[in-house]
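What follows is the content of run.cif (mmCIF, C-alpha atoms).
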```cif
data_structure
loop_
_atom_site.label_atom_id
_atom_site.label_comp_id
_atom_site.auth_asym_id
_atom_site.auth_seq_id
_atom_site.Cartn_x
_atom_site.Cartn_y
_atom_site.Cartn_z
CA MET A 1 0.00 0.00 0.00
CA ARG A 2 1.36 3.38 -1.01
CA ASP A 3 1.13 5.24 2.29
CA SER A 4 3.43 7.69 4.04
CA GLY A 5 5.79 4.85 4.99
CA TRP A 6 6.04 3.81 1.36
CA GLN A 7 6.71 7.41 0.27
CA ALA A 8 9.40 7.82 2.93
CA GLU A 9 11.09 4.64 1.73
CA VAL A 10 10.99 5.86 -1.89
CA ASP A 11 12.58 9.15 -0.83
CA ARG A 12 15.29 7.31 1.08
CA GLU A 13 15.94 5.07 -1.93
CA ILE A 14 16.32 8.13 -4.16
CA VAL A 15 18.74 9.73 -1.70
CA ARG A 16 20.67 6.45 -1.54
CA SER A 17 20.96 6.25 -5.34
CA VAL A 18 22.13 9.89 -5.57
CA LEU A 19 24.80 9.23 -2.94
CA ASP A 20 26.00 6.18 -4.85
CA ARG A 21 26.24 8.22 -8.07
CA GLU A 22 28.08 11.00 -6.28
CA SER A 23 30.54 8.56 -4.80
CA SER A 24 31.26 6.97 -8.18
CA SER A 25 31.63 10.40 -9.85
CA LEU A 26 34.20 11.76 -7.38
CA PRO A 27 37.25 10.53 -9.36
CA ALA A 28 35.84 12.14 -12.52
CA SER A 29 35.24 15.42 -10.65
CA LEU A 30 38.82 15.49 -9.38
CA LEU A 31 40.11 14.67 -12.84
CA ALA A 32 38.05 17.52 -14.33
CA TRP A 33 39.52 19.94 -11.81
CA PHE A 34 43.03 18.72 -12.63
CA VAL A 35 42.36 19.19 -16.38
CA LEU A 36 41.11 22.71 -15.65
CA VAL A 37 44.41 23.47 -13.93
CA LEU A 38 46.39 22.08 -16.90
CA ALA A 39 44.31 24.11 -19.33
CA ALA A 40 44.78 27.28 -17.27
CA ILE A 41 48.57 27.08 -16.86
CA PRO A 42 49.46 28.28 -20.42
CA LEU A 43 47.11 31.27 -20.20
CA GLU A 44 48.65 34.70 -19.65
CA PHE A 45 46.03 35.50 -17.01
CA PHE A 46 46.71 32.26 -15.09
CA ALA A 47 47.22 34.26 -11.88
CA LEU A 48 43.61 35.44 -12.13
CA LEU A 49 42.46 31.83 -12.24
CA LEU A 50 44.23 30.70 -9.10
CA MET A 51 41.50 31.93 -6.78
CA PRO A 52 38.58 30.48 -8.85
CA LEU A 53 40.43 27.17 -9.15
CA GLY A 54 41.01 27.06 -5.40
CA PHE A 55 37.38 28.02 -4.85
CA ARG A 56 36.27 25.17 -7.13
CA LEU A 57 38.43 22.62 -5.30
CA ALA A 58 37.18 23.80 -1.89
CA SER A 59 33.62 23.60 -3.17
CA LEU A 60 34.21 20.08 -4.50
CA LEU A 61 35.58 18.90 -1.15
CA SER A 62 32.77 20.63 0.75
CA THR A 63 30.18 18.92 -1.45
CA ARG A 64 31.85 15.60 -0.75
CA TRP A 65 31.70 16.28 2.99
CA ALA A 66 28.02 17.29 2.83
CA THR A 67 27.06 14.12 0.95
CA GLN A 68 28.91 12.06 3.54
CA GLN A 69 26.79 13.70 6.24
CA VAL A 70 23.66 12.75 4.32
CA ARG A 71 24.95 9.18 3.98
CA LYS A 72 25.69 9.04 7.71
CA ALA A 73 22.16 10.15 8.58
CA LEU A 74 20.77 7.59 6.17
CA THR A 75 22.90 4.79 7.60
CA GLU A 76 21.91 5.69 11.16
CA HIS A 77 18.22 5.79 10.16
CA ARG A 78 17.93 9.44 11.12
CA SER A 79 16.12 12.20 9.27
CA THR A 80 18.19 13.47 6.34
CA ARG A 81 16.41 16.84 6.17
CA SER A 82 19.05 18.95 7.94
CA ALA A 83 21.92 17.25 6.09
CA LEU A 84 20.16 17.81 2.75
CA THR A 85 19.64 21.47 3.65
CA VAL A 86 23.37 21.87 4.23
CA LEU A 87 24.06 20.06 0.95
CA THR A 88 21.67 22.40 -0.88
CA VAL A 89 23.49 25.48 0.43
CA ILE A 90 26.90 24.05 -0.47
CA LEU A 91 25.75 23.17 -3.99
CA GLY A 92 24.51 26.74 -4.41
CA VAL A 93 28.02 27.90 -3.57
CA ALA A 94 29.38 25.24 -5.95
CA GLY A 95 27.37 26.84 -8.77
CA VAL A 96 29.08 30.14 -7.99
CA SER A 97 32.48 28.42 -8.08
CA TRP A 98 31.77 26.98 -11.55
CA ALA A 99 30.67 30.40 -12.88
CA ALA A 100 33.75 32.09 -11.41
CA LEU A 101 35.92 30.03 -13.75
CA LEU A 102 34.30 31.69 -16.78
CA TYR A 103 34.72 35.34 -15.79
CA PRO A 104 38.46 36.11 -16.16
CA HIS A 105 38.75 34.88 -19.74
CA ALA A 106 35.26 35.77 -21.02
CA THR A 107 36.58 38.95 -22.70
CA VAL A 108 39.10 37.18 -24.90
CA ALA A 109 38.26 38.13 -28.47
CA ALA A 110 39.71 35.04 -30.07
CA PRO A 111 39.99 32.49 -27.29
CA ASP A 112 42.73 29.93 -27.65
CA PRO A 113 42.11 26.18 -27.25
CA SER A 114 42.80 26.30 -23.52
CA VAL A 115 39.99 28.80 -22.97
CA VAL A 116 37.61 26.76 -25.13
CA ALA A 117 38.54 23.65 -23.19
CA MET A 118 37.89 25.37 -19.88
CA ARG A 119 34.49 26.63 -21.04
CA GLY A 120 33.56 23.16 -22.24
CA ILE A 121 34.67 21.55 -19.00
CA VAL A 122 32.68 24.07 -16.95
CA VAL A 123 29.46 23.51 -18.92
CA ILE A 124 29.86 19.72 -18.92
CA GLY A 125 30.79 19.75 -15.23
CA VAL A 126 27.70 21.74 -14.28
CA ALA A 127 25.54 19.42 -16.37
CA MET A 128 26.98 16.28 -14.75
CA VAL A 129 26.54 17.63 -11.23
CA ALA A 130 22.97 18.67 -12.05
CA LEU A 131 22.25 15.18 -13.39
CA THR A 132 23.74 13.63 -10.26
CA TYR A 133 21.61 15.68 -7.86
CA GLY A 134 18.59 16.09 -10.14
CA PRO A 135 16.42 13.53 -8.31
CA LEU A 136 16.72 15.61 -5.12
CA LYS A 137 15.55 18.73 -7.03
CA TRP A 138 16.38 21.45 -4.50
CA PRO A 139 20.13 20.80 -4.44
CA MET A 140 20.07 20.85 -8.26
CA TYR A 141 18.06 24.09 -8.28
CA ALA A 142 20.57 25.64 -5.89
CA LEU A 143 23.49 24.61 -8.11
CA LEU A 144 21.95 26.02 -11.29
CA ALA A 145 20.70 29.16 -9.51
CA GLY A 146 24.18 29.86 -8.14
CA PHE A 147 25.66 29.29 -11.58
CA GLY A 148 23.11 31.32 -13.57
CA LEU A 149 22.77 34.21 -11.12
CA THR A 150 26.54 34.63 -10.87
CA LEU A 151 26.85 34.90 -14.64
CA THR A 152 23.97 37.39 -14.68
CA ALA A 153 25.74 39.43 -12.02
CA PHE A 154 28.88 39.46 -14.17
CA VAL A 155 26.87 41.08 -16.96
CA LEU A 156 25.17 43.63 -14.74
CA LEU A 157 28.35 44.63 -12.94
CA ASN A 158 30.76 44.53 -15.85
CA GLY A 159 28.74 44.33 -19.03
CA ALA A 160 31.39 46.16 -21.07
CA HIS A 161 33.86 43.37 -20.52
CA VAL A 162 31.68 40.28 -20.40
CA SER A 163 30.29 38.89 -23.62
CA PRO A 164 26.46 38.93 -23.39
CA TRP A 165 26.09 36.22 -26.03
CA LEU A 166 28.20 33.88 -23.93
CA VAL A 167 25.98 34.53 -20.92
CA ALA A 168 22.87 34.00 -23.06
CA VAL A 169 24.21 30.70 -24.36
CA VAL A 170 25.15 29.52 -20.87
CA VAL A 171 21.78 30.58 -19.42
CA ALA A 172 20.06 28.65 -22.20
CA LEU A 173 22.26 25.70 -21.34
CA VAL A 174 21.26 26.07 -17.69
CA PHE A 175 17.60 25.75 -18.62
CA GLY A 176 18.37 22.86 -20.93
CA ILE A 177 20.38 21.10 -18.24
CA ALA A 178 17.58 21.66 -15.71
CA THR A 179 14.95 20.28 -18.06
CA TYR A 180 17.01 17.21 -18.93
CA SER A 181 17.92 16.62 -15.29
CA LEU A 182 14.29 16.78 -14.18
CA GLY A 183 13.35 14.32 -16.91
CA ALA A 184 16.07 11.95 -15.78
CA ALA A 185 14.96 12.49 -12.18
CA ARG A 186 11.41 11.42 -13.04
CA GLN A 187 12.76 8.24 -14.58
CA GLN A 188 14.85 7.59 -11.48
CA ARG A 189 11.88 8.21 -9.19
CA ARG A 190 9.80 5.71 -11.13
CA ALA A 191 12.64 3.22 -10.84
CA ALA A 192 12.83 3.86 -7.09
CA GLU A 193 9.07 3.41 -6.75
CA MET A 194 9.25 0.13 -8.63
CA LEU A 195 12.16 -1.03 -6.47
CA VAL A 196 10.31 -0.17 -3.25
CA ASP A 197 7.12 -1.82 -4.57
CA ASN A 198 9.07 -4.99 -5.31
CA ARG A 199 10.78 -4.83 -1.92
CA PHE A 200 7.48 -4.41 -0.07
CA LEU A 201 5.92 -7.19 -2.12
CA SER A 202 8.87 -9.46 -1.37
CA GLU A 203 8.62 -8.66 2.35
CA GLU A 204 4.88 -9.32 2.33
CA LEU A 205 5.44 -12.60 0.51
CA THR A 206 8.18 -13.59 2.97
CA ASP A 207 5.92 -12.72 5.90
CA ALA A 208 3.06 -14.67 4.35
CA LEU A 209 5.27 -17.72 3.81
CA ALA A 210 6.62 -17.45 7.34
CA GLN A 211 3.08 -17.15 8.68
CA ALA A 212 1.98 -20.16 6.63
CA GLU A 213 4.96 -22.14 7.91
CA PHE A 214 4.17 -21.06 11.46
CA LEU A 215 0.51 -22.02 11.15
CA SER A 216 1.43 -25.39 9.66
CA ARG A 217 3.21 -26.23 12.92
CA HIS A 218 1.45 -24.07 15.51
CA ASP A 219 -2.03 -23.64 16.86
CA PRO A 220 -3.35 -20.29 15.54
CA LEU A 221 -5.17 -19.43 18.78
CA THR A 222 -2.55 -20.19 21.42
CA GLY A 223 0.69 -20.22 19.45
CA LEU A 224 1.66 -23.62 20.89
CA LEU A 225 2.86 -26.45 18.69
CA ASN A 226 0.00 -28.33 17.05
CA ARG A 227 -0.61 -32.08 16.88
CA ARG A 228 1.05 -32.42 13.48
CA ALA A 229 4.27 -30.71 14.61
CA PHE A 230 4.37 -32.77 17.79
CA PHE A 231 4.11 -36.12 16.02
CA GLU A 232 6.37 -35.15 13.12
CA THR A 233 9.22 -33.88 15.32
CA ASP A 234 11.96 -36.40 15.93
CA ILE A 235 12.50 -37.02 19.63
CA PRO A 236 15.99 -38.38 20.37
CA PRO A 237 16.20 -41.78 22.10
CA VAL A 238 16.07 -41.83 25.87
CA ASP A 239 19.28 -42.63 27.76
CA CYS A 240 19.82 -43.14 31.45
CA SER A 241 21.04 -39.57 32.00
CA ASP A 242 18.22 -37.88 30.08
CA LYS A 243 14.82 -38.58 31.66
CA ARG A 244 11.65 -37.42 29.93
CA PHE A 245 8.12 -37.01 31.20
CA LEU A 246 4.89 -36.37 29.38
CA LEU A 247 2.00 -34.42 30.86
CA THR A 248 -1.48 -34.63 29.36
CA VAL A 249 -3.57 -31.65 30.48
CA ASP A 250 -7.33 -31.50 29.97
CA LEU A 251 -9.46 -28.58 31.17
CA ASP A 252 -12.40 -29.87 33.20
CA HIS A 253 -15.98 -29.22 32.03
CA PHE A 254 -14.71 -26.74 29.46
CA LYS A 255 -17.72 -27.27 27.20
CA THR A 256 -19.89 -25.98 30.02
CA VAL A 257 -17.73 -22.85 30.24
CA ASN A 258 -18.23 -22.22 26.51
CA ASP A 259 -21.99 -22.86 26.70
CA ARG A 260 -22.55 -20.57 29.69
CA HIS A 261 -20.13 -17.73 28.96
CA GLY A 262 -19.58 -17.88 25.20
CA HIS A 263 -16.69 -18.95 23.00
CA ALA A 264 -14.99 -15.55 23.26
CA VAL A 265 -14.53 -16.06 26.99
CA GLY A 266 -13.53 -19.67 26.36
CA ASP A 267 -10.84 -18.57 23.90
CA ARG A 268 -9.44 -16.08 26.43
CA LEU A 269 -9.18 -18.86 29.01
CA LEU A 270 -7.55 -21.21 26.49
CA VAL A 271 -4.92 -18.60 25.62
CA ALA A 272 -4.27 -17.97 29.30
CA ALA A 273 -3.92 -21.69 29.96
CA ALA A 274 -1.53 -22.02 27.01
CA THR A 275 0.57 -19.17 28.42
CA VAL A 276 0.78 -20.94 31.78
CA ILE A 277 1.78 -24.19 30.08
CA ARG A 278 4.39 -22.45 27.92
CA ASP A 279 5.86 -20.70 30.94
CA LEU A 280 6.10 -24.04 32.70
CA ALA A 281 8.57 -25.44 30.17
CA ARG A 282 10.48 -22.24 29.39
CA PRO A 283 12.79 -22.13 32.47
CA LEU A 284 14.18 -25.60 31.75
CA ASP A 285 17.60 -25.73 30.08
CA SER A 286 16.84 -28.43 27.51
CA GLN A 287 15.86 -27.29 24.01
CA GLU A 288 13.68 -30.40 23.63
CA ASN A 289 10.96 -29.22 26.00
CA ARG A 290 7.79 -28.47 24.12
CA ALA A 291 4.21 -27.46 24.80
CA VAL A 292 1.47 -28.67 22.46
CA ARG A 293 -2.23 -28.09 21.95
CA LEU A 294 -3.58 -31.41 20.74
CA GLY A 295 -7.01 -29.96 20.11
CA GLY A 296 -9.95 -28.42 21.92
CA GLU A 297 -9.06 -28.06 25.59
CA GLU A 298 -6.39 -30.78 25.63
CA PHE A 299 -2.69 -29.99 25.91
CA VAL A 300 0.52 -31.99 26.15
CA VAL A 301 3.82 -30.96 27.74
CA LEU A 302 7.10 -32.81 27.16
CA LEU A 303 9.62 -32.24 29.95
CA VAL A 304 13.23 -33.28 29.42
CA GLY A 305 16.15 -33.59 31.79
CA ILE A 306 14.36 -33.56 35.16
CA GLU A 307 13.67 -36.11 37.90
CA ARG A 308 10.25 -37.62 38.62
CA SER A 309 9.84 -35.57 41.80
CA ALA A 310 10.46 -32.37 39.85
CA ALA A 311 8.01 -33.45 37.14
CA LYS A 312 5.32 -34.08 39.77
CA ALA A 313 6.01 -30.71 41.39
CA MET A 314 5.72 -28.95 38.04
CA ALA A 315 2.46 -30.73 37.25
CA GLU A 316 1.02 -29.68 40.61
CA SER A 317 2.20 -26.11 40.05
CA LEU A 318 0.55 -26.13 36.63
CA ARG A 319 -2.72 -27.39 38.09
CA ARG A 320 -2.79 -24.64 40.74
CA ARG A 321 -1.92 -21.89 38.28
CA ILE A 322 -4.68 -22.98 35.88
CA GLU A 323 -7.14 -22.90 38.76
CA ARG A 324 -6.22 -19.27 39.45
CA ILE A 325 -6.61 -18.09 35.82
CA PRO A 326 -10.23 -16.76 36.07
CA SER A 327 -9.30 -14.52 38.99
CA THR A 328 -6.78 -12.70 36.79
CA PHE A 329 -9.54 -11.43 34.47
CA ASP A 330 -12.02 -8.71 35.43
CA GLY A 331 -15.53 -10.10 35.50
CA LEU A 332 -14.50 -13.75 35.20
CA GLY A 333 -13.79 -14.47 38.84
CA ASN A 334 -17.01 -16.49 39.18
CA ILE A 335 -15.90 -19.01 36.54
CA LYS A 336 -14.48 -22.25 37.80
CA LEU A 337 -11.55 -23.50 35.68
CA THR A 338 -9.64 -26.62 36.68
CA ALA A 339 -7.47 -29.18 34.94
CA SER A 340 -6.95 -32.92 35.21
CA ILE A 341 -3.35 -33.86 34.49
CA GLY A 342 -1.85 -37.22 33.64
CA LEU A 343 1.88 -37.81 34.19
CA THR A 344 3.99 -40.59 32.73
CA GLU A 345 7.65 -41.27 32.15
CA TYR A 346 9.06 -41.73 28.65
CA ARG A 347 10.57 -45.20 28.67
CA SER A 348 13.53 -46.33 26.65
CA GLY A 349 12.51 -47.71 23.26
CA GLU A 350 8.92 -46.43 23.44
CA VAL A 351 7.23 -44.69 20.55
CA LEU A 352 5.37 -41.46 21.15
CA ASP A 353 1.91 -43.02 20.64
CA ASP A 354 2.52 -45.48 23.49
CA VAL A 355 3.70 -42.75 25.87
CA LEU A 356 0.75 -40.52 24.98
CA ARG A 357 -1.68 -43.39 25.50
CA ARG A 358 -0.39 -44.04 29.03
CA SER A 359 -0.44 -40.32 29.80
CA ASP A 360 -4.07 -40.13 28.59
CA LEU A 361 -5.02 -43.05 30.82
CA ALA A 362 -3.44 -41.27 33.79
CA MET A 363 -5.36 -38.10 32.92
CA TYR A 364 -8.68 -40.00 32.79
CA ARG A 365 -7.82 -41.57 36.12
CA ALA A 366 -7.46 -38.05 37.53
CA LYS A 367 -10.95 -37.21 36.20
CA GLU A 368 -12.42 -40.38 37.71
CA ARG A 369 -10.97 -39.41 41.09
CA GLY A 370 -12.79 -36.08 41.09
CA ARG A 371 -10.91 -33.87 38.59
CA ASN A 372 -8.59 -30.95 39.41
CA ARG A 373 -5.74 -33.25 40.31
CA VAL A 374 -2.58 -34.93 39.00
CA ALA A 375 -2.42 -38.70 38.47
CA SER A 376 0.64 -40.69 37.51
CA ALA A 377 0.59 -43.59 35.08
CA ALA A 378 1.03 -47.07 36.49
CA ALA A 379 4.65 -48.21 36.48
#
```

Translate the structure of the given file into structure tokens.
Amino acid sequence: MRDSGWQAEVDREIVRSVLDRESSSLPASLLAWFVLVLAAIPLEFFALLLMPLGFRLASLLSTRWATQQVRKALTEHRSTRSALTVLTVILGVAGVSWAALLYPHATVAAPDPSVVAMRGIVVIGVAMVALTYGPLKWPMYALLAGFGLTLTAFVLLNGAHVSPWLVAVVVALVFGIATYSLGAARQQRRAAEMLVDNRFLSEELTDALAQAEFLSRHDPLTGLLNRRAFFETDIPPVDCSDKRFLLTVDLDHFKTVNDRHGHAVGDRLLVAAATVIRDLARPLDSQENRAVRLGGEEFVVLLVGIERSAAKAMAESLRRRIERIPSTFDGLGNIKLTASIGLTEYRSGEVLDDVLRRSDLAMYRAKERGRNRVASAAA
């Protein structure tokens, strides 16, 4: 969905692409400055060019620093607004530095090849920088405004010595560069939008697949493992140092709770019971402990690496905590919720079905004895 989050991501992607282009263009920018110096050396007014050339180099380095600040803000997931504002101001000054290179030799009647080369490099350089920052718009506008306004000022302040036709040509080029840059920027924005659309779609697809995988192995209401996951998971063989116990937990008279109070209340109680069961196994060190909702109001807990006495204590603790669940909800304190729990030990060589059958028998024995109690399977 194309909301404000989507738009912000598109803007960040555009900024990221501009920074990448700027980084890759830095060697070319330094080379252009070096060529400008070589072209200026043979000129008789070379001394007049020293300050504009230094100004251009300082502007180039300042622009590099400003883009690095934008990149830093982007990397740190901070707002890039202030860094882009600084970059816009520096690019406006950069436009002035480009224009300053044209002024000293603009009055040459028959310019030699060095002057022509410098003019060409200036125009091409301004165009390339405008193309680089075009997708950000305001930095590009600042660059071209600094360039065009400086040339205009040259005419107004010293029209007798500055060739108006040159200024007219360069101003026309400025508008041409701006138009082309904005066109290229629109193409780049569409590419960024497509990239973000594909990224969001990929993330949604990944989330959907992860959710489908989760639901294939977990109960959607409680988040516990489901019956399929429990029976499909390989359980390593039992050895003498690794005891395992299985608890079968069935909520007593739960159908009556649903009939009297509604399934919404019943679901809240089921989720609360699942949380209690999950918390029971979590403190244990073994990664093999698991809590399962077999279906309806029946749960299974596999406990690994504990003694029988500890397993009994945990089963009793679970029974008491389930009994207290209604009192934790406002308005449900009058509901009676209890659990009958069957406990059995996982014997060496047994398959899961056999262990679960004995645990079920122990649970039914607890119900026969009056419910709300723990019963152990016969040895």

- request: Taking the file above as input, evaluate the PyMOL selection byres ((chain A and resi 341) around 7) and report the hits as a PyMOL selection string.
  value: chain A and resi 247-250+339-340+342-343+363+366+373-375

- request: Write out as a ChimeraX atom specification which residues come within 12 Å of stretch 19-31 of chain A when counting only C-alpha atoms, dropping same-chain ones fewer than 2 positions away.
  value: /A:12-17,33-38,53,56-61,63-75,84,87,121-122,124-136,188

Residue selection dump (C-alpha atoms) as a PDB file, in the coordinates of the input:
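The result, stored in selection27.pdb:
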```pdb
ATOM      1  CA  ARG A  12      15.290   7.310   1.080  1.00  0.00           C
ATOM      2  CA  GLU A  13      15.940   5.070  -1.930  1.00  0.00           C
ATOM      3  CA  ILE A  14      16.320   8.130  -4.160  1.00  0.00           C
ATOM      4  CA  VAL A  15      18.740   9.730  -1.700  1.00  0.00           C
ATOM      5  CA  ARG A  16      20.670   6.450  -1.540  1.00  0.00           C
ATOM      6  CA  SER A  17      20.960   6.250  -5.340  1.00  0.00           C
ATOM      7  CA  TRP A  33      39.520  19.940 -11.810  1.00  0.00           C
ATOM      8  CA  PHE A  34      43.030  18.720 -12.630  1.00  0.00           C
ATOM      9  CA  VAL A  35      42.360  19.190 -16.380  1.00  0.00           C
ATOM     10  CA  LEU A  36      41.110  22.710 -15.650  1.00  0.00           C
ATOM     11  CA  VAL A  37      44.410  23.470 -13.930  1.00  0.00           C
ATOM     12  CA  LEU A  38      46.390  22.080 -16.900  1.00  0.00           C
ATOM     13  CA  LEU A  53      40.430  27.170  -9.150  1.00  0.00           C
ATOM     14  CA  ARG A  56      36.270  25.170  -7.130  1.00  0.00           C
ATOM     15  CA  LEU A  57      38.430  22.620  -5.300  1.00  0.00           C
ATOM     16  CA  ALA A  58      37.180  23.800  -1.890  1.00  0.00           C
ATOM     17  CA  SER A  59      33.620  23.600  -3.170  1.00  0.00           C
ATOM     18  CA  LEU A  60      34.210  20.080  -4.500  1.00  0.00           C
ATOM     19  CA  LEU A  61      35.580  18.900  -1.150  1.00  0.00           C
ATOM     20  CA  THR A  63      30.180  18.920  -1.450  1.00  0.00           C
ATOM     21  CA  ARG A  64      31.850  15.600  -0.750  1.00  0.00           C
ATOM     22  CA  TRP A  65      31.700  16.280   2.990  1.00  0.00           C
ATOM     23  CA  ALA A  66      28.020  17.290   2.830  1.00  0.00           C
ATOM     24  CA  THR A  67      27.060  14.120   0.950  1.00  0.00           C
ATOM     25  CA  GLN A  68      28.910  12.060   3.540  1.00  0.00           C
ATOM     26  CA  GLN A  69      26.790  13.700   6.240  1.00  0.00           C
ATOM     27  CA  VAL A  70      23.660  12.750   4.320  1.00  0.00           C
ATOM     28  CA  ARG A  71      24.950   9.180   3.980  1.00  0.00           C
ATOM     29  CA  LYS A  72      25.690   9.040   7.710  1.00  0.00           C
ATOM     30  CA  ALA A  73      22.160  10.150   8.580  1.00  0.00           C
ATOM     31  CA  LEU A  74      20.770   7.590   6.170  1.00  0.00           C
ATOM     32  CA  THR A  75      22.900   4.790   7.600  1.00  0.00           C
ATOM     33  CA  LEU A  84      20.160  17.810   2.750  1.00  0.00           C
ATOM     34  CA  LEU A  87      24.060  20.060   0.950  1.00  0.00           C
ATOM     35  CA  ILE A 121      34.670  21.550 -19.000  1.00  0.00           C
ATOM     36  CA  VAL A 122      32.680  24.070 -16.950  1.00  0.00           C
ATOM     37  CA  ILE A 124      29.860  19.720 -18.920  1.00  0.00           C
ATOM     38  CA  GLY A 125      30.790  19.750 -15.230  1.00  0.00           C
ATOM     39  CA  VAL A 126      27.700  21.740 -14.280  1.00  0.00           C
ATOM     40  CA  ALA A 127      25.540  19.420 -16.370  1.00  0.00           C
ATOM     41  CA  MET A 128      26.980  16.280 -14.750  1.00  0.00           C
ATOM     42  CA  VAL A 129      26.540  17.630 -11.230  1.00  0.00           C
ATOM     43  CA  ALA A 130      22.970  18.670 -12.050  1.00  0.00           C
ATOM     44  CA  LEU A 131      22.250  15.180 -13.390  1.00  0.00           C
ATOM     45  CA  THR A 132      23.740  13.630 -10.260  1.00  0.00           C
ATOM     46  CA  TYR A 133      21.610  15.680  -7.860  1.00  0.00           C
ATOM     47  CA  GLY A 134      18.590  16.090 -10.140  1.00  0.00           C
ATOM     48  CA  PRO A 135      16.420  13.530  -8.310  1.00  0.00           C
ATOM     49  CA  LEU A 136      16.720  15.610  -5.120  1.00  0.00           C
ATOM     50  CA  GLN A 188      14.850   7.590 -11.480  1.00  0.00           C
TER      51      GLN A 188
END
```

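Shortest atom-to-atom contact with A:Leu224 among A:Ser181, A:Thr256, A:Thr275, A:Thr206: A:Thr275, counting all atoms listed in the file.
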
task: Work out how far apart atom CA of A:Ala281 and atom CA of A:Leu318 are and give it in Å to one decimal.
output: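 Interatomic distance here is 10.3 Å.
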
Nearest-residue call for A:Thr150, choices A:Tyr180, A:Trp165, A:Tyr346, A:Trp98, using all atoms listed in the file: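 Answer, going by the shortest atom-to-atom distance: A:Trp98.
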
message: Just checking: using only C-alpha atoms, which residue out of A:Val292, A:Val257, A:Val10, A:Leu303 ends up closest to A:Thr338?
response: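 Answer, going by the shortest atom-to-atom distance: A:Val257.
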
task: Considering only C-alpha atoms, state which residue in the set A:Gly295, A:Ile177, A:Ala145, A:Leu201 is at the smallest distance from A:His218.
output: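 For A:His218, the nearest of the given residues is A:Gly295.
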
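Comparing the minimum interatomic distances between A:Ala362 and each of A:Ala39, A:Leu225, A:Leu246, A:Leu209, counting all atoms listed in the file, we find that A:Leu246 sits nearest.
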
message: Under the rule that all atoms listed in the file are counted, which of A:Phe245, A:Phe230, A:Phe254, A:Phe46 is the nearest residue to A:Ala291?
response: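 Counting all atoms listed in the file, the residue closest to A:Ala291 is A:Phe230.
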
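Near A:Ile335, within 9 Å and counting only C-alpha atoms, sit Val257, His261, Pro326 and Ser327 of chain A; same-chain residues fewer than 6 positions away were not included.
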
message: Need to verify the contact set: A:Leu43, 10 Å, all atoms listed in the file, exclusion of same-chain residues closer than 4 positions in sequence. Can you return it as JSON, numbers by chain?
response: {"A": [38, 39, 47, 48, 49, 105, 112, 114, 115]}

- request: Pull out every residue that the PyMOL selection byres ((chain A and resi 325) around 12) matches in the shown coordinates and put them as number ranges by chain.
  value: A: 251, 266, 268-277, 318-324, 326-339

message: Report, in Å with one decimal, the straight-line distance from atom CA of A:Leu144 to atom CA of A:Arg190.
response: 23.7 Å

task: Could you jot down the atom CA of A:Leu182 to atom CA of A:Ile90 separation for me, Å, one decimal place?
output: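 A separation of 20.0 Å between them.
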
Nearby residues, (-1.6, -33.9, 20.8) file frame, 6 Å, all atoms listed in the file, as a PyMOL selection string: chain A and resi 227+293-294

field: Selection near A:Ala378, 9 Å with only C-alpha atoms, sequence-local residues under 2 positions removed, as a ChimeraX atom specification
entry: /A:344,358,362,376

Any chance you could model N, CA and C atoms for stretch 336-345 of chain A and send them as a JSON list (two decimals), keeping the file's coordinate frame?
```
[["chain", "number", "residue", "atom", "x", "y", "z"],
["A", 336, "LYS", "N", -15.34, -21.23, 37.22],
["A", 336, "LYS", "CA", -14.48, -22.25, 37.80],
["A", 336, "LYS", "C", -13.73, -22.95, 36.67],
["A", 337, "LEU", "N", -12.39, -22.87, 36.71],
["A", 337, "LEU", "CA", -11.55, -23.50, 35.68],
["A", 337, "LEU", "C", -10.53, -24.39, 36.38],
["A", 338, "THR", "N", -10.60, -25.68, 36.10],
["A", 338, "THR", "CA", -9.64, -26.62, 36.68],
["A", 338, "THR", "C", -9.11, -27.52, 35.58],
["A", 339, "ALA", "N", -8.08, -28.29, 35.91],
["A", 339, "ALA", "CA", -7.47, -29.18, 34.94],
["A", 339, "ALA", "C", -7.17, -30.53, 35.58],
["A", 340, "SER", "N", -7.38, -31.58, 34.81],
["A", 340, "SER", "CA", -6.95, -32.92, 35.21],
["A", 340, "SER", "C", -5.69, -33.24, 34.42],
["A", 341, "ILE", "N", -4.66, -33.69, 35.11],
["A", 341, "ILE", "CA", -3.35, -33.86, 34.49],
["A", 341, "ILE", "C", -2.86, -35.29, 34.69],
["A", 342, "GLY", "N", -2.45, -35.90, 33.58],
["A", 342, "GLY", "CA", -1.85, -37.22, 33.64],
["A", 342, "GLY", "C", -0.36, -37.12, 33.43],
["A", 343, "LEU", "N", 0.41, -37.87, 34.25],
["A", 343, "LEU", "CA", 1.88, -37.81, 34.19],
["A", 343, "LEU", "C", 2.42, -39.21, 33.94],
["A", 344, "THR", "N", 3.33, -39.31, 32.97],
["A", 344, "THR", "CA", 3.99, -40.59, 32.73],
["A", 344, "THR", "C", 5.42, -40.35, 32.29],
["A", 345, "GLU", "N", 6.24, -41.36, 32.55],
["A", 345, "GLU", "CA", 7.65, -41.27, 32.15],
["A", 345, "GLU", "C", 7.85, -41.89, 30.77]]
```
